[in-house]
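Novice: Coordinates in input_9.txt, compact mmCIF, C-alpha atoms and all ligand atoms, are listed below.
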```txt
# COMPACT_ATOMS: atom_id res chain seq x y z
CA MET A 85 -23.61 3.82 -90.38
CA LYS A 86 -20.03 5.05 -89.94
CA LYS A 87 -18.20 2.75 -92.30
CA LEU A 88 -18.89 0.48 -95.25
CA VAL A 89 -16.51 -2.41 -95.91
CA ILE A 90 -16.97 -4.08 -99.30
CA LYS A 91 -15.07 -6.89 -101.01
CA GLY A 92 -15.25 -6.11 -104.72
CA GLY A 93 -14.61 -7.93 -107.95
CA ASN A 94 -17.78 -10.05 -108.24
CA LYS A 95 -20.79 -9.94 -110.54
CA LEU A 96 -23.99 -9.19 -108.69
CA ASN A 97 -26.65 -11.80 -109.53
CA GLY A 98 -29.85 -12.85 -107.79
CA GLN A 99 -33.18 -11.51 -106.58
CA VAL A 100 -33.97 -8.59 -104.32
CA ASN A 101 -37.18 -7.35 -102.74
CA ILE A 102 -37.74 -3.64 -103.03
CA ALA A 103 -39.12 -1.83 -99.98
CA GLY A 104 -41.61 1.03 -99.87
CA ALA A 105 -40.30 4.37 -101.12
CA LYS A 106 -38.76 6.39 -98.32
CA ASN A 107 -39.90 9.55 -100.10
CA ALA A 108 -43.51 8.33 -99.99
CA ILE A 109 -43.37 6.96 -96.43
CA LEU A 110 -42.19 10.22 -94.86
CA PRO A 111 -45.03 12.50 -96.06
CA ILE A 112 -47.60 9.73 -95.55
CA MET A 113 -46.47 9.23 -91.94
CA VAL A 114 -47.00 12.97 -91.48
CA ALA A 115 -50.50 12.69 -92.98
CA SER A 116 -51.47 10.76 -89.84
CA ILE A 117 -51.64 14.15 -88.06
CA LEU A 118 -54.75 14.91 -90.12
CA THR A 119 -56.97 12.38 -88.32
CA GLU A 120 -57.64 11.33 -84.76
CA GLU A 121 -58.58 7.83 -85.91
CA GLY A 122 -55.22 6.34 -86.86
CA LEU A 123 -53.29 5.40 -89.98
CA SER A 124 -51.81 1.98 -90.64
CA LEU A 125 -48.96 1.72 -93.17
CA SER A 126 -47.22 -1.33 -94.63
CA ASN A 127 -44.19 -1.99 -96.89
CA ILE A 128 -41.96 0.09 -94.65
CA SER A 129 -38.22 0.19 -95.27
CA HIS A 130 -35.92 0.48 -92.29
CA VAL A 131 -33.88 3.59 -92.95
CA LYS A 132 -32.73 6.28 -90.60
CA ASP A 133 -35.04 9.03 -91.87
CA ILE A 134 -38.01 6.87 -90.93
CA SER A 135 -36.77 6.48 -87.36
CA THR A 136 -36.12 10.23 -87.27
CA MET A 137 -39.66 10.87 -88.48
CA MET A 138 -41.03 8.48 -85.81
CA ASN A 139 -39.11 10.45 -83.17
CA LEU A 140 -40.40 13.75 -84.51
CA LEU A 141 -44.03 12.59 -84.59
CA ALA A 142 -43.70 10.96 -81.15
CA SER A 143 -42.36 14.27 -79.80
CA LEU A 144 -45.68 15.85 -80.88
CA GLY A 145 -47.57 13.25 -78.84
CA ILE A 146 -48.55 10.87 -81.64
CA GLU A 147 -48.80 7.23 -80.58
CA ILE A 148 -46.68 5.00 -82.78
CA LYS A 149 -46.36 1.23 -83.06
CA PHE A 150 -43.74 -0.29 -85.33
CA ASP A 151 -44.44 -3.94 -86.09
CA GLY A 152 -40.99 -4.83 -87.36
CA PHE A 153 -40.15 -7.53 -89.80
CA ASP A 154 -42.22 -10.55 -90.84
CA GLU A 155 -40.08 -12.89 -92.90
CA ASP A 156 -42.87 -14.39 -95.01
CA GLU A 157 -44.30 -11.07 -96.05
CA GLY A 158 -40.92 -9.40 -96.60
CA PHE A 159 -41.13 -5.65 -96.45
CA GLU A 160 -44.91 -5.83 -96.64
CA GLY A 161 -44.75 -7.28 -93.15
CA ARG A 162 -43.18 -4.14 -91.78
CA LYS A 163 -45.95 -1.94 -90.51
CA ILE A 164 -46.29 1.34 -88.70
CA GLU A 165 -49.45 2.43 -86.93
CA LEU A 166 -49.80 6.07 -86.06
CA VAL A 167 -52.60 7.50 -83.95
CA ALA A 168 -52.80 11.28 -83.55
CA LYS A 169 -55.74 11.44 -81.08
CA ASP A 170 -54.47 14.76 -79.90
CA ILE A 171 -51.12 16.43 -79.78
CA SER A 172 -49.30 17.41 -76.63
CA ASN A 173 -46.85 19.70 -78.41
CA SER A 174 -46.81 21.64 -81.68
CA VAL A 175 -43.14 22.66 -81.54
CA ALA A 176 -40.53 20.82 -83.62
CA ASP A 177 -37.07 21.50 -82.23
CA TYR A 178 -33.86 22.08 -84.13
CA ASP A 179 -32.40 18.79 -82.87
CA LEU A 180 -34.99 16.82 -84.84
CA VAL A 181 -35.66 19.15 -87.77
CA SER A 182 -31.98 19.60 -88.57
CA LYS A 183 -31.60 15.86 -89.09
CA MET A 184 -34.19 15.70 -91.84
CA ARG A 185 -35.56 18.31 -94.20
CA ALA A 186 -38.87 16.46 -94.60
CA SER A 187 -39.68 17.64 -91.04
CA ILE A 188 -41.07 20.81 -92.62
CA LEU A 189 -43.97 18.69 -93.88
CA ILE A 190 -45.59 18.70 -90.43
CA MET A 191 -46.43 22.39 -90.90
CA GLY A 192 -49.42 21.88 -93.24
CA PRO A 193 -51.14 19.11 -91.26
CA LEU A 194 -50.55 20.82 -87.88
CA LEU A 195 -52.00 24.09 -89.18
CA ALA A 196 -54.94 22.34 -90.80
CA ARG A 197 -55.97 20.31 -87.75
CA PHE A 198 -54.73 22.32 -84.77
CA GLY A 199 -54.31 25.87 -86.14
CA SER A 200 -50.66 26.38 -85.20
CA ALA A 201 -47.18 25.03 -85.73
CA LYS A 202 -43.75 26.13 -84.57
CA ILE A 203 -40.91 24.52 -86.47
CA SER A 204 -37.21 25.15 -86.26
CA LEU A 205 -35.75 26.41 -89.51
CA PRO A 206 -34.28 23.38 -91.28
CA GLY A 207 -30.52 23.20 -91.35
CA GLY A 208 -27.87 20.53 -91.62
CA CYS A 209 -28.98 19.47 -95.06
CA ALA A 210 -26.41 17.48 -97.01
CA ILE A 211 -27.52 18.63 -100.42
CA GLY A 212 -27.45 22.37 -100.63
CA THR A 213 -29.34 25.38 -99.35
CA ARG A 214 -32.80 24.02 -100.12
CA PRO A 215 -34.98 26.99 -99.18
CA ILE A 216 -38.56 26.66 -97.91
CA ASP A 217 -40.00 29.85 -99.41
CA LEU A 218 -42.50 27.92 -101.57
CA HIS A 219 -43.93 26.13 -98.51
CA LEU A 220 -44.32 29.42 -96.63
CA MET A 221 -45.81 31.35 -99.57
CA ALA A 222 -48.42 28.65 -100.13
CA MET A 223 -49.38 28.38 -96.42
CA GLU A 224 -49.92 32.15 -96.37
CA LYS A 225 -52.19 31.82 -99.42
CA LEU A 226 -54.28 29.36 -97.39
CA GLY A 227 -54.62 32.03 -94.69
CA ALA A 228 -51.77 31.24 -92.28
CA LYS A 229 -49.84 34.06 -90.61
CA ILE A 230 -46.15 33.27 -90.58
CA HIS A 231 -43.33 34.84 -88.56
CA LEU A 232 -39.69 33.87 -88.50
CA LYS A 233 -38.46 34.37 -84.94
CA ALA A 234 -35.29 33.23 -83.18
CA GLY A 235 -34.59 30.42 -85.64
CA TYR A 236 -38.21 29.21 -85.69
CA ILE A 237 -41.06 29.42 -88.18
CA GLU A 238 -44.18 30.31 -86.21
CA ALA A 239 -47.36 29.70 -88.17
CA VAL A 240 -50.92 30.28 -86.94
CA VAL A 241 -54.33 30.49 -88.51
CA ASP A 242 -57.53 31.94 -87.07
CA GLY A 243 -60.77 30.27 -88.03
CA GLY A 244 -59.19 27.51 -90.13
CA LEU A 245 -57.35 27.37 -93.45
CA LYS A 246 -59.21 28.50 -96.58
CA GLY A 247 -58.82 26.95 -100.03
CA ALA A 248 -56.92 29.03 -102.60
CA VAL A 249 -55.22 28.91 -105.98
CA ILE A 250 -51.51 28.33 -105.57
CA ASP A 251 -49.14 28.95 -108.45
CA PHE A 252 -45.71 27.52 -107.75
CA GLU A 253 -43.02 29.32 -109.71
CA LYS A 254 -40.77 26.27 -109.32
CA VAL A 255 -41.65 22.58 -109.04
CA SER A 256 -41.19 21.35 -105.46
CA VAL A 257 -42.03 17.86 -104.26
CA GLY A 258 -42.15 18.83 -100.58
CA ALA A 259 -44.14 22.05 -101.05
CA THR A 260 -46.70 20.22 -103.21
CA GLN A 261 -47.08 17.55 -100.50
CA ASN A 262 -47.30 20.06 -97.65
CA ILE A 263 -50.10 22.01 -99.36
CA MET A 264 -51.96 18.89 -100.49
CA MET A 265 -52.15 17.76 -96.87
CA ALA A 266 -53.06 21.18 -95.48
CA ALA A 267 -55.78 21.69 -98.10
CA CYS A 268 -57.54 18.43 -97.18
CA LEU A 269 -59.01 20.09 -94.07
CA ALA A 270 -59.23 23.65 -95.47
CA SER A 271 -62.63 25.06 -96.38
CA GLY A 272 -63.45 25.10 -100.10
CA GLU A 273 -61.28 24.20 -103.07
CA THR A 274 -57.51 24.47 -103.43
CA VAL A 275 -55.84 24.32 -106.82
CA ILE A 276 -52.08 23.73 -107.02
CA ASN A 277 -50.59 24.81 -110.35
CA ASN A 278 -47.13 23.65 -111.44
CA ALA A 279 -47.42 20.79 -108.93
CA ALA A 280 -44.74 18.11 -108.68
CA LYS A 281 -45.73 14.90 -110.50
CA GLU A 282 -43.57 12.26 -108.81
CA PRO A 283 -45.05 8.79 -108.14
CA GLU A 284 -44.63 9.56 -104.41
CA ILE A 285 -47.08 12.48 -104.83
CA VAL A 286 -49.56 10.08 -106.42
CA ASP A 287 -49.08 7.66 -103.52
CA LEU A 288 -49.73 10.43 -100.99
CA ALA A 289 -52.94 11.40 -102.82
CA LYS A 290 -54.02 7.75 -102.84
CA CYS A 291 -53.54 7.50 -99.08
CA LEU A 292 -55.27 10.84 -98.39
CA ASN A 293 -58.26 9.71 -100.47
CA LEU A 294 -58.38 6.44 -98.50
CA MET A 295 -58.60 8.65 -95.40
CA GLY A 296 -61.64 10.41 -96.88
CA ALA A 297 -59.97 13.38 -98.61
CA LYS A 298 -60.98 14.64 -102.05
CA VAL A 299 -57.76 14.98 -104.02
CA SER A 300 -57.70 14.77 -107.82
CA GLY A 301 -55.11 15.34 -110.54
CA ALA A 302 -52.10 13.94 -108.61
CA GLY A 303 -49.45 12.96 -111.15
CA THR A 304 -50.34 15.90 -113.41
CA ASN A 305 -49.17 19.48 -113.02
CA GLN A 306 -52.51 20.59 -111.56
CA VAL A 307 -53.75 19.06 -108.32
CA LYS A 308 -57.20 19.94 -106.92
CA ILE A 309 -58.29 19.38 -103.37
CA ILE A 310 -61.80 19.93 -102.04
CA GLY A 311 -61.60 20.38 -98.29
CA VAL A 312 -63.56 18.10 -95.95
CA LYS A 313 -64.36 18.55 -92.24
CA LYS A 314 -62.66 15.38 -90.99
CA LEU A 315 -60.50 12.53 -92.19
CA HIS A 316 -60.83 8.99 -90.89
CA LYS A 317 -58.96 5.77 -90.25
CA ALA A 318 -57.19 4.06 -93.18
CA SER A 319 -54.65 1.41 -94.14
CA HIS A 320 -52.24 1.91 -97.01
CA LYS A 321 -49.41 -0.04 -98.64
CA ILE A 322 -46.53 2.23 -99.64
CA ILE A 323 -45.45 2.29 -103.30
CA ALA A 324 -42.12 0.59 -104.12
CA ASP A 325 -38.94 2.66 -104.05
CA ARG A 326 -37.95 3.52 -107.63
CA ILE A 327 -34.56 4.83 -106.51
CA GLU A 328 -33.70 1.60 -104.71
CA ALA A 329 -34.90 -0.42 -107.74
CA GLY A 330 -32.86 1.78 -110.09
CA THR A 331 -29.77 1.42 -107.91
CA TYR A 332 -29.91 -2.38 -108.25
CA ALA A 333 -30.32 -2.03 -112.03
CA VAL A 334 -27.15 0.10 -112.07
CA ALA A 335 -25.37 -2.50 -109.93
CA ALA A 336 -26.26 -5.17 -112.52
CA GLY A 337 -24.91 -2.89 -115.24
CA ILE A 338 -21.64 -2.05 -113.51
CA THR A 339 -20.79 -5.61 -112.55
CA GLY A 340 -22.16 -7.31 -115.68
CA GLY A 341 -24.61 -9.29 -113.57
CA CYS A 342 -28.34 -10.06 -113.77
CA ILE A 343 -30.67 -8.97 -110.97
CA LYS A 344 -34.35 -9.78 -110.58
CA ILE A 345 -35.97 -6.81 -108.91
CA ASN A 346 -39.10 -7.92 -107.03
CA GLY A 347 -42.10 -5.76 -106.21
CA VAL A 348 -41.88 -3.29 -109.11
CA ASP A 349 -43.26 -2.60 -112.59
CA LEU A 350 -41.32 -1.16 -115.51
CA ALA A 351 -43.33 2.06 -115.25
CA LEU A 352 -41.52 2.79 -111.99
CA PHE A 353 -38.30 3.29 -113.99
CA ASP A 354 -39.86 6.15 -116.02
CA GLY A 355 -37.43 9.02 -116.31
CA PHE A 356 -34.26 6.94 -116.22
CA ALA A 357 -35.10 3.68 -118.06
CA ASP A 358 -33.92 5.20 -121.36
CA VAL A 359 -30.56 6.22 -119.93
CA LEU A 360 -30.05 2.72 -118.54
CA ARG A 361 -31.07 1.07 -121.82
CA ASP A 362 -28.93 3.40 -123.95
CA SER A 363 -25.94 2.55 -121.78
CA GLY A 364 -26.51 -1.19 -122.28
CA VAL A 365 -28.55 -2.19 -119.22
CA GLU A 366 -31.65 -4.07 -120.34
CA LEU A 367 -34.82 -3.85 -118.25
CA THR A 368 -37.49 -6.51 -118.84
CA GLN A 369 -40.78 -7.13 -117.06
CA ILE A 370 -40.44 -10.90 -116.68
CA SER A 371 -43.60 -11.37 -114.66
CA GLU A 372 -46.10 -9.30 -112.76
CA ASN A 373 -44.13 -7.26 -110.24
CA ILE A 374 -40.67 -8.51 -111.28
CA VAL A 375 -38.27 -6.58 -113.49
CA GLU A 376 -35.02 -8.16 -114.61
CA ALA A 377 -32.00 -5.89 -115.09
CA LYS A 378 -28.94 -7.15 -116.93
CA ARG A 379 -26.02 -5.91 -118.94
CA THR A 380 -26.52 -6.71 -122.62
CA ALA A 381 -23.02 -6.23 -124.03
CA ASN A 382 -19.42 -6.46 -122.89
CA GLU A 383 -19.09 -2.75 -122.72
CA ILE A 384 -21.24 -0.09 -121.10
CA LYS A 385 -21.81 2.82 -123.50
CA SER A 386 -21.50 6.39 -122.33
CA VAL A 387 -24.72 8.40 -122.19
CA SER A 388 -25.25 12.05 -121.35
CA PHE A 389 -28.19 13.04 -119.20
CA SER A 390 -29.58 15.96 -117.27
CA THR A 391 -31.63 15.90 -114.06
CA GLN A 392 -35.16 17.34 -114.19
CA PRO A 393 -38.38 17.19 -112.15
CA HIS A 394 -40.48 14.07 -112.83
CA PRO A 395 -40.99 12.67 -115.46
CA GLY A 396 -37.44 13.78 -116.26
CA PHE A 397 -34.29 12.08 -115.00
CA PRO A 398 -34.42 12.03 -111.15
CA THR A 399 -31.67 13.79 -109.24
CA ASP A 400 -31.72 10.91 -106.72
CA MET A 401 -30.36 8.58 -109.46
CA GLN A 402 -27.62 10.97 -110.54
CA ALA A 403 -24.80 9.58 -108.39
CA GLN A 404 -25.58 5.98 -109.31
CA LEU A 405 -25.66 6.67 -113.05
CA MET A 406 -22.47 8.67 -112.71
CA ALA A 407 -20.83 5.59 -111.20
CA LEU A 408 -22.10 3.52 -114.14
CA MET A 409 -20.61 6.05 -116.55
CA THR A 410 -17.15 5.64 -115.04
CA VAL A 411 -17.04 2.11 -116.47
CA ALA A 412 -18.43 3.19 -119.86
CA THR A 413 -16.43 3.62 -123.03
CA GLY A 414 -16.39 7.24 -124.10
CA GLU A 415 -17.43 10.36 -122.32
CA SER A 416 -20.65 11.39 -120.66
CA ILE A 417 -21.85 14.85 -119.80
CA VAL A 418 -24.03 15.05 -116.74
CA GLU A 419 -26.03 18.13 -115.88
CA GLU A 420 -27.51 18.67 -112.40
CA ASN A 421 -30.49 21.03 -112.45
CA ILE A 422 -32.26 20.39 -109.16
CA PHE A 423 -29.75 20.80 -106.34
CA GLU A 424 -26.80 23.17 -106.30
CA LYS A 425 -24.58 21.10 -104.04
CA LEU A 426 -25.06 17.79 -105.86
CA LYS A 427 -23.10 19.29 -108.71
CA SER A 428 -20.02 18.40 -106.71
CA ASN A 429 -20.95 14.71 -106.24
CA PRO A 430 -19.51 13.71 -109.60
CA ILE A 431 -16.10 14.99 -108.58
CA TYR A 432 -15.76 12.15 -106.11
CA VAL A 433 -16.46 9.54 -108.73
CA ALA A 434 -14.61 11.16 -111.55
CA GLU A 435 -11.49 11.81 -109.49
CA MET A 436 -11.15 8.10 -108.97
CA ASN A 437 -10.70 7.88 -112.66
CA GLY A 438 -7.83 10.31 -112.36
CA GLN A 439 -5.31 8.15 -114.18
CA ASN A 440 -7.57 8.45 -117.18
CA VAL A 441 -8.65 11.80 -118.42
CA PHE A 442 -10.73 13.66 -115.92
CA ASP A 443 -12.12 17.07 -116.55
CA PHE A 444 -14.45 18.94 -114.27
CA LYS A 445 -15.48 21.99 -116.22
CA LYS A 446 -15.08 24.73 -113.68
CA GLU A 447 -16.19 27.40 -116.10
CA GLU A 448 -19.50 25.55 -116.52
CA PRO A 449 -20.01 24.08 -113.06
CA GLU A 450 -23.31 22.47 -113.92
CA LEU A 451 -21.55 20.22 -116.40
CA THR A 452 -19.36 17.31 -115.45
CA LEU A 453 -17.39 15.20 -117.86
CA VAL A 454 -16.78 11.58 -116.92
CA MET A 455 -14.28 9.60 -118.93
CA GLY A 456 -15.08 5.91 -118.84
CA SER A 457 -12.69 3.03 -118.36
CA GLU A 458 -12.93 -0.57 -117.18
CA SER A 459 -9.50 -0.55 -115.62
CA HIS A 460 -9.25 2.37 -113.28
CA GLY A 461 -7.25 2.09 -110.09
CA PRO A 462 -6.68 4.73 -107.46
CA SER A 463 -5.15 7.74 -109.15
CA GLU A 464 -2.09 9.66 -107.95
CA PHE A 465 -4.46 12.48 -107.14
CA TRP A 466 -6.62 10.23 -105.05
CA LYS A 467 -3.69 8.59 -103.25
CA LYS A 468 -2.37 12.00 -102.27
CA ASN A 469 -5.67 13.58 -101.37
CA ALA A 470 -7.63 10.76 -99.82
CA ARG A 471 -8.10 11.21 -96.11
CA ALA A 472 -9.99 8.08 -95.14
CA ILE A 473 -10.28 5.95 -98.21
CA THR A 474 -8.35 3.21 -99.94
CA ILE A 475 -9.68 1.78 -103.17
CA PRO A 476 -8.07 -1.29 -104.64
CA LYS A 477 -9.43 -2.54 -107.97
CA LYS A 478 -10.32 -5.81 -106.26
CA GLY A 479 -10.39 -6.81 -102.64
CA LYS A 480 -11.50 -4.79 -99.68
CA SER A 481 -12.56 -1.13 -99.83
CA GLU A 482 -13.14 0.96 -96.75
CA ILE A 483 -14.83 4.30 -96.87
CA GLU A 484 -15.29 6.59 -93.92
CA SER A 485 -16.45 10.15 -93.37
CA LEU A 486 -18.41 10.43 -96.57
CA ASN A 487 -22.11 10.70 -96.87
CA VAL A 488 -23.65 7.37 -97.73
CA ALA A 489 -24.86 8.37 -101.19
CA GLN A 490 -21.37 9.37 -102.21
CA ALA A 491 -19.90 6.29 -100.63
CA CYS A 492 -22.36 4.03 -102.44
CA ALA A 493 -21.64 5.67 -105.76
CA ILE A 494 -17.95 5.12 -105.27
CA LEU A 495 -18.35 1.57 -104.09
CA LEU A 496 -20.62 0.62 -106.94
CA SER A 497 -18.01 1.82 -109.36
CA ARG A 498 -15.52 -0.51 -107.67
CA LEU A 499 -17.65 -3.64 -107.80
CA GLY A 500 -16.85 -4.29 -111.43
C1 LIG B 601 -37.67 15.61 -102.47
C2 LIG B 601 -37.07 14.27 -102.13
C3 LIG B 601 -35.59 14.22 -102.53
C4 LIG B 601 -35.44 14.60 -104.00
C5 LIG B 601 -36.14 15.94 -104.29
C6 LIG B 601 -36.12 16.30 -105.77
C7 LIG B 601 -38.36 13.58 -100.21
C8 LIG B 601 -38.39 13.30 -98.74
N1 LIG B 601 -37.21 14.05 -100.69
O1 LIG B 601 -36.98 16.59 -101.68
O2 LIG B 601 -35.10 12.91 -102.30
O3 LIG B 601 -34.06 14.73 -104.30
O4 LIG B 601 -37.51 15.88 -103.87
O5 LIG B 601 -36.70 15.31 -106.51
O6 LIG B 601 -39.32 13.36 -100.92
N2 LIG B 601 -37.04 24.71 -103.44
C9 LIG B 601 -37.18 26.08 -103.28
N3 LIG B 601 -38.07 26.53 -102.34
C10 LIG B 601 -38.83 25.69 -101.61
C11 LIG B 601 -38.70 24.30 -101.79
C12 LIG B 601 -37.79 23.84 -102.72
O7 LIG B 601 -36.50 26.86 -103.94
O8 LIG B 601 -39.63 26.16 -100.78
C13 LIG B 601 -36.06 24.22 -104.41
C14 LIG B 601 -34.99 23.33 -103.77
O9 LIG B 601 -33.94 24.10 -103.23
C15 LIG B 601 -34.55 22.49 -104.95
C16 LIG B 601 -35.86 22.31 -105.76
O10 LIG B 601 -36.73 23.35 -105.33
O11 LIG B 601 -33.61 23.18 -105.74
C17 LIG B 601 -36.54 20.99 -105.59
O12 LIG B 601 -36.72 20.74 -104.21
P1 LIG B 601 -37.93 19.86 -103.65
O13 LIG B 601 -38.64 19.23 -104.81
O14 LIG B 601 -38.73 20.68 -102.71
O15 LIG B 601 -37.17 18.74 -102.85
P2 LIG B 601 -37.61 18.05 -101.50
O16 LIG B 601 -39.10 17.94 -101.44
O17 LIG B 601 -36.92 18.67 -100.35
```
Output the file's structure as structure tokens, nothing else.
Specialist:
Amino acid sequence: MKKLVIKGGNKLNGQVNIAGAKNAILPIMVASILTEEGLSLSNISHVKDISTMMNLLASLGIEIKFDGFDEDEGFEGRKIELVAKDISNSVADYDLVSKMRASILIMGPLLARFGSAKISLPGGCAIGTRPIDLHLMAMEKLGAKIHLKAGYIEAVVDGGLKGAVIDFEKVSVGATQNIMMAACLASGETVINNAAKEPEIVDLAKCLNLMGAKVSGAGTNQVKIIGVKKLHKASHKIIADRIEAGTYAVAAGITGGCIKINGVDLALFDGFADVLRDSGVELTQISENIVEAKRTANEIKSVSFSTQPHPGFPTDMQAQLMALMTVATGESIVEENIFEKLKSNPIYVAEMNGQNVFDFKKEEPELTLVMGSESHGPSEFWKKNARAITIPKKGKSEIESLNVAQACAILLSRLG
């Protein structure tokens, strides 16, 4: 998508179906490498990372069928079947890896089933340096030999991976997933301490267990995996996307609308439900699998929050909540603790408030102050500095050359 064109000024009301979580689909697609028998997945959203992952897996020789969209079943009708009978290639090139950091997840399954993997070092990531040291350290603990050569990670193991105790010094979603998958086919027991606890980790464990793996403790900070010789065929429905659901709740809050969010339970909002409620966005489970989000008062109240690993406030909701805070009364302090580069996201939103007071605390770069107002128009700063953006209070907005997350945050703040 190169450009979004949005006509603002309306309340957002209605019902939406929530698709499967992109962050669960990607690792679970990769888990198909662990069996020759095939993996069938449903509730698939249609986002670019999923096509990129299909291309990456196809480049390894995995057979993929994408069943597309079935109107009656909604997202549930979208299915992918992946069969990794054998692989014709264990090298993931820069062209594919640089498009998507989750490509690194193929390392564990390739090592576990085929004993080697050669993956280009990830680059081109939109949100900061994002090292992969935790992935590499843990693979070495399982017995892999790793060399970094000419821009590639070359990993091999003789005689199969062996279970081990892995103590992560930092919580990493991707590294936890990579090791969980690798350990499924390693000999003996693997214990992951300080594991990530995100719902997408739990969904991966659920799918691996359906494939015959022995994974326990997913969703706590200690995950145990007892290796098995082989995994088998399975079908799995992907968990709903909490970030997509949360984004609609924010949209209801910003515009003063009421949105019925289908396919989710309140528990999926853990970590950011309190921030939404404190700001004046009510979340109610109105029936099984439907949560209603609506603004409860005329004004949105400012709330301060700080991003943390699950069950803390998710970094992937930071931009959306920041947009909500620009229409709040009072000031909010937002602290980004997961990704270095996301600390600059708020600048885009806050600068649009430039006519009001805007203060990015340079001396404390992890803190951003957003001053709320219902009536912001494009500031002098923005008019002078904007390269490809015009933002009327109402009417048409066009945004080019920004990454989509930033663009969405800005656009959401305009809808009210
Ligand atoms: C996943 C999500 C992403 C989300 C992020 C944090 C997917 C496909 N993506 O990304 O949407 O924003 O979790 O919730 O699920 N780190 C290291 N060394 C490593 C690995 C990570 O220092 O080897 C650091 C990262 O730079 C970052 C932090 O750990 O500061 C968390 O990263 P991680 O949880 O690994 O994020 P991803 O799995 O890449």
Novice: Using only C-alpha atoms and all ligand atoms, determine which residues fall within 6 Å of ligand LIG 601 (chain B), then list them as a list in words.
Specialist: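 Residues satisfying the distance criterion: Asn107, Ala186, Arg214, Pro215, Ile216, Asp217, Leu218, His219, Ser256, Val257, Gly258, Ala259, Thr399, Asp400, Ile422 and Phe423 of chain A.
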Novice: Which residues are near Ile117 in chain A? Cut-off 7 Å, all atoms listed in the file, ignore same chain within fewer than 3 positions. Put them as a list in words.
Specialist: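 Close residues of Ile117 in chain A: Val114, Ala168, Pro193 and Leu194 of chain A.
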Novice: Could you tell me which of A:Ala324, A:Leu220, A:Ala357, A:Leu350 comes closest to Glu372 in chain A if we count all atoms listed in the file?
Specialist: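 Comparing A:Ala324, A:Leu220, A:Ala357, A:Leu350 against Glu372 in chain A, the winner is A:Leu350.
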Novice: Report as a PyMOL selection string all protein, DNA and RNA residues lying within 12 Å of Cys342 in chain A, evaluated on all atoms listed in the file, omitting residues in the same chain fewer than 2 positions from it.
Specialist: chain A and resi 94-100+332-340+344-345+365-368+375-380
Novice: Include C-alpha atoms and write out the residues we just selected as an mmCIF file, keeping the file's coordinate frame.
Specialist:
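As written to disk, again.cif reads:
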```
data_model
loop_
_atom_site.group_PDB
_atom_site.id
_atom_site.type_symbol
_atom_site.label_atom_id
_atom_site.label_comp_id
_atom_site.auth_asym_id
_atom_site.auth_seq_id
_atom_site.Cartn_x
_atom_site.Cartn_y
_atom_site.Cartn_z
ATOM 1 C CA ASN A 94 -17.780 -10.050 -108.240
ATOM 2 C CA LYS A 95 -20.790 -9.940 -110.540
ATOM 3 C CA LEU A 96 -23.990 -9.190 -108.690
ATOM 4 C CA ASN A 97 -26.650 -11.800 -109.530
ATOM 5 C CA GLY A 98 -29.850 -12.850 -107.790
ATOM 6 C CA GLN A 99 -33.180 -11.510 -106.580
ATOM 7 C CA VAL A 100 -33.970 -8.590 -104.320
ATOM 8 C CA TYR A 332 -29.910 -2.380 -108.250
ATOM 9 C CA ALA A 333 -30.320 -2.030 -112.030
ATOM 10 C CA VAL A 334 -27.150 0.100 -112.070
ATOM 11 C CA ALA A 335 -25.370 -2.500 -109.930
ATOM 12 C CA ALA A 336 -26.260 -5.170 -112.520
ATOM 13 C CA GLY A 337 -24.910 -2.890 -115.240
ATOM 14 C CA ILE A 338 -21.640 -2.050 -113.510
ATOM 15 C CA THR A 339 -20.790 -5.610 -112.550
ATOM 16 C CA GLY A 340 -22.160 -7.310 -115.680
ATOM 17 C CA LYS A 344 -34.350 -9.780 -110.580
ATOM 18 C CA ILE A 345 -35.970 -6.810 -108.910
ATOM 19 C CA VAL A 365 -28.550 -2.190 -119.220
ATOM 20 C CA GLU A 366 -31.650 -4.070 -120.340
ATOM 21 C CA LEU A 367 -34.820 -3.850 -118.250
ATOM 22 C CA THR A 368 -37.490 -6.510 -118.840
ATOM 23 C CA VAL A 375 -38.270 -6.580 -113.490
ATOM 24 C CA GLU A 376 -35.020 -8.160 -114.610
ATOM 25 C CA ALA A 377 -32.000 -5.890 -115.090
ATOM 26 C CA LYS A 378 -28.940 -7.150 -116.930
ATOM 27 C CA ARG A 379 -26.020 -5.910 -118.940
ATOM 28 C CA THR A 380 -26.520 -6.710 -122.620
#
```
Novice: Which one of A:Gly355, A:Asn346, A:Phe198, A:Gly104 sits closest to Gln369 in chain A if you count only C-alpha atoms?
Specialist: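 Under the stated criterion, the closest residue is A:Asn346.
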Novice: With only C-alpha atoms as the counted atoms, please give the residues lying no more than 10 Å from Met113 in chain A, apart from itself and same-chain residues fewer than 6 positions off, as a list in words.
Specialist: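 After dropping sequence-adjacent residues, the list is Leu123, Ser124, Leu125, Ile134, Met137, Met138, Leu141, Ile164, Glu165, Leu166, Leu189, Ile190 and Leu288 of chain A.
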Novice: How far is it from CA of Ala105 in chain A to CA of Tyr178 in chain A, in Å with one decimal?
Specialist: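 Calculated distance between CA of Ala105 in chain A and CA of Tyr178 in chain A is 25.4 Å.
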Novice: If we count all atoms listed in the file and set the cut-off at 6 Å, which residues sit around Thr391 in chain A, ignoring sequence neighbours fewer than 2 positions away in its own chain? Please answer as a list in words.
Specialist: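 Residues near the query, excluding close chain neighbours: Phe397, Pro398, Thr399, Glu420 and Asn421 of chain A.
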Novice: Please dump the current selection as a compact mmCIF listing (two decimals), in the frame of the given file; keep C-alpha atoms.
Specialist:
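So the final result, stored in selection-v1.txt, reads:
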```txt
# COMPACT_ATOMS: atom_id res chain seq x y z
CA PHE A 397 -34.29 12.08 -115.00
CA PRO A 398 -34.42 12.03 -111.15
CA THR A 399 -31.67 13.79 -109.24
CA GLU A 420 -27.51 18.67 -112.40
CA ASN A 421 -30.49 21.03 -112.45
```
